[in-house]
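Worksheet for the structure shown next.
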Amino acid sequence: MRLGDGVPALIAHPDWQNPAPFVLWMHGRTVNKELDPGRYLRWIRAGVAAVAIDLPFHGERADETKQGPADSLDVIERALSEIDPVVADATAIEGGSLLDAERIGLGGMSLGGMVALRRLCDAHTFKCAAVEATSGALERYIYPADHGDPVAREVEHPRERVRTLDALSHLDTWREIPLLALHSETDAMVPFSTQSAFIEALRERYADPSRIELVTWPETGAPSEHLGFGRFANDAKNAQTAFLARCLNASPPAAGA
């Protein structure tokens with residue numbers, strides 16, 4: 001479907017009959033919303049619908065010249081403006097009888113996860129969030145030398161613009177909701193140190209820090225320790241599905257649905 005201002009979306013629903021909770025999911029840089037159908041299949045079997053969108057300049061609206069590191073902030077900025085209209089359209093499908101506006105989760109991997117974490121710093125109605133191989137500390141990710149990280153980024157964006165899109169810089173307006181973060185500790189593309197710094201800062205603000213779940217693996221065998229979780233992919237998907245089903249109060253569809 002096309003939702004919001006023409007955003008390409010893939011919708012997977014448990015039974016296409018009853019209102020189901022759903023997760024708005026955003027993929028990483030250079031791929032598309034169809035990536036990893038096993039994720040969506042697990043969700044719908046647990047009773048959670050998926051609304052997966054193509055990030056700006058990706059998928060059905062691909063522009064490969066805008067998919068590089070130099071354009072990441074443009075992608076984040078535009079995607080942030082698209083989330084609310086997409087949610088509004090999704091919850092209006094079939095008069096609101098298919099996707100439950102009261103039980104919505106938000107999530108993404110890599111660049112999509114950065115969008116999700118920044119969106120959660122502004123007023124919202126999401127009940128939970130799940131991210132993987134990403135970071136809420138965007139400034140630390142782009143300026144690693146500030147923190148003694150030897151990893152050099154390909155592009156150094158204007159610092160003030162980075163801070164505007166950096167979730168860690170906007171935690172004063174973060175609402176305490178359940179959060180699941182999955183990460184390889186040897187991720188070569190989004191260093192775990194950047195996400196662990198974000199999680200630590202967020203936990204300090206939670207009255208109940210146990211509502212933040214961080215699951216990591218020392219190494220997974222995945223390409224660059226970033227693209228999926230290698231031999232732990234099944235464990236990662238199952239953990240995410242269980243988290244979402246619990247937080248969104250989902251029920252598996254009836255047999256034969």
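By order in the structure tokens, chains are A, B, ...; within a chain, residues start at 1; ligands start at 1, following the order shown.
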Which residues come within 12 Å of Ile83 (chain A), counting only C-alpha atoms, excluding same-chain residues fewer than 5 positions away, as a PDB file with C-alpha atoms, in the first residue's frame?
```
ATOM      1  CA  LEU A   3       0.367   5.428   3.308  1.00  0.00           C
ATOM      2  CA  GLY A   4       0.770   9.017   4.439  1.00  0.00           C
ATOM      3  CA  ASP A   5       2.265  11.133   1.693  1.00  0.00           C
ATOM      4  CA  GLY A   6       2.743   8.208  -0.685  1.00  0.00           C
ATOM      5  CA  VAL A   7       5.077   6.149   1.517  1.00  0.00           C
ATOM      6  CA  ALA A   9       4.279   0.111   2.914  1.00  0.00           C
ATOM      7  CA  VAL A  23       4.573  -2.458  14.787  1.00  0.00           C
ATOM      8  CA  LEU A  24       5.734   0.255  12.420  1.00  0.00           C
ATOM      9  CA  TRP A  25       9.089  -1.139  11.261  1.00  0.00           C
ATOM     10  CA  MET A  26      11.919   0.621   9.411  1.00  0.00           C
ATOM     11  CA  VAL A  51       3.519  -2.172   8.859  1.00  0.00           C
ATOM     12  CA  ALA A  52       6.949  -2.004   7.227  1.00  0.00           C
ATOM     13  CA  ILE A  53       7.841   1.068   5.207  1.00  0.00           C
ATOM     14  CA  ASP A  54      10.536   1.908   2.694  1.00  0.00           C
ATOM     15  CA  LEU A  55      12.811   4.588   4.082  1.00  0.00           C
ATOM     16  CA  PRO A  56      13.148   7.733   1.954  1.00  0.00           C
ATOM     17  CA  ILE A  76      16.429  10.369   9.139  1.00  0.00           C
ATOM     18  CA  GLU A  77      14.935  13.837   8.925  1.00  0.00           C
ATOM     19  CA  ARG A  78      12.450  12.964   6.194  1.00  0.00           C
ATOM     20  CA  ALA A  88      -2.814   7.737  10.865  1.00  0.00           C
ATOM     21  CA  ASP A  89      -3.493   6.080   7.518  1.00  0.00           C
ATOM     22  CA  ALA A  90      -2.675   2.606   8.809  1.00  0.00           C
ATOM     23  CA  GLY A 105       4.883  -0.413  18.625  1.00  0.00           C
ATOM     24  CA  LEU A 106       7.771   1.277  16.813  1.00  0.00           C
ATOM     25  CA  GLY A 107      11.020  -0.257  15.666  1.00  0.00           C
ATOM     26  CA  GLY A 112      15.752   2.728  10.748  1.00  0.00           C
ATOM     27  CA  VAL A 115      14.868   7.111  13.256  1.00  0.00           C
ATOM     28  CA  ALA A 116      12.731   5.176  15.726  1.00  0.00           C
ATOM     29  CA  ARG A 118      14.708   9.875  17.816  1.00  0.00           C
ATOM     30  CA  ARG A 119      10.951   9.774  17.170  1.00  0.00           C
ATOM     31  CA  LEU A 120      10.381   8.470  20.688  1.00  0.00           C
ATOM     32  CA  ASP A 122       8.821  13.632  21.007  1.00  0.00           C
ATOM     33  CA  HIS A 124       3.773   9.927  20.841  1.00  0.00           C
ATOM     34  CA  THR A 125       1.349   7.106  21.614  1.00  0.00           C
ATOM     35  CA  PHE A 126       3.585   4.087  20.981  1.00  0.00           C
TER      36      PHE A 126
END
```
Among region 12-210 of chain A, which ones does DSSP place in helix (DSSP H, G or I), written as a VMD selection string?
-> chain A and resid 37 to 45 59 to 61 64 to 66 69 to 90 93 to 96 111 to 119 138 to 142 144 to 147 159 to 164 167 to 173 192 to 203 209 to 210
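Those residues that approach region 195-206 of chain A to within 9 Å, counting only C-alpha atoms, are Ala133, Thr134, Ser135, Gly136, Ala137, Arg140, Tyr141, Ala167, Leu168, Leu171, Asp172, Trp174, Arg175, Glu176, Ile177, Ala181, His183, Val190, Pro191, Phe192, Ser193, Asp208, Pro209, Ser210, Arg211, Ile212 and Leu214 of chain A; same-chain residues fewer than 2 positions away are not listed.
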Can you list, as an MDAnalysis selection string, all residues belonging to region 44-202 of chain A that DSSP tags as strand (DSSP E or B)?
-> chainID A and resid 49:53 99:109 128:132 179:184
Between CA of Asn234 (chain A) and CA of Gly221 (chain A) lies a distance of 13.2 Å
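Of note, CA of Ile11 (chain A) and CA of Val75 (chain A) are spaced 21.5 Å apart.
Considering only C-alpha atoms, the residue among A:Met189, A:Leu248, A:Leu111, A:Leu182 positioned nearest to Asp235 (chain A) is A:Leu182.
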Show which residues sit within 10 Å of Trp16 (chain A), as a count of residues only. Count only C-alpha atoms, and ignore same-chain residues fewer than 3 positions away.
-> 10
Using CA of Leu10 (chain A) and CA of Cys121 (chain A) as the two end points, give the distance in Å to one decimal.
-> 25.5 Å
Can you tell me, as a PyMOL selection string, what residues are no more than 8 Å from Glu219 (chain A) when counting only C-alpha atoms, ignoring any on the same chain fewer than 2 positions away?
-> chain A and resi 184-186+217+221+225
Can you list, as number ranges by chain, every protein, DNA or RNA residue that comes within 10 Å of Lys237 (chain A) when you count only C-alpha atoms, leaving out same-chain residues fewer than 6 positions away?
-> A: 38-40, 42-43, 182, 228-229, 243
For Arg45 (chain A), which of A:Asp15, A:Asp146, A:Glu60, A:Asp187 is the closest residue, counting only C-alpha atoms?
-> A:Asp15
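The smallest atom-to-atom distance between Glu132 (chain A) and any of A:Ser110, A:Ala145, A:Asn238, A:Leu165, using only C-alpha atoms, is found for A:Ser110.
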Excluding Lys66 (chain A) and residues on its chain fewer than 3 positions from it, collect all residues at most 10 Å away from it, counting only C-alpha atoms, and give them as a PyMOL selection string.
-> chain A and resi 29-30+56-58+62-63+69-72+74-75
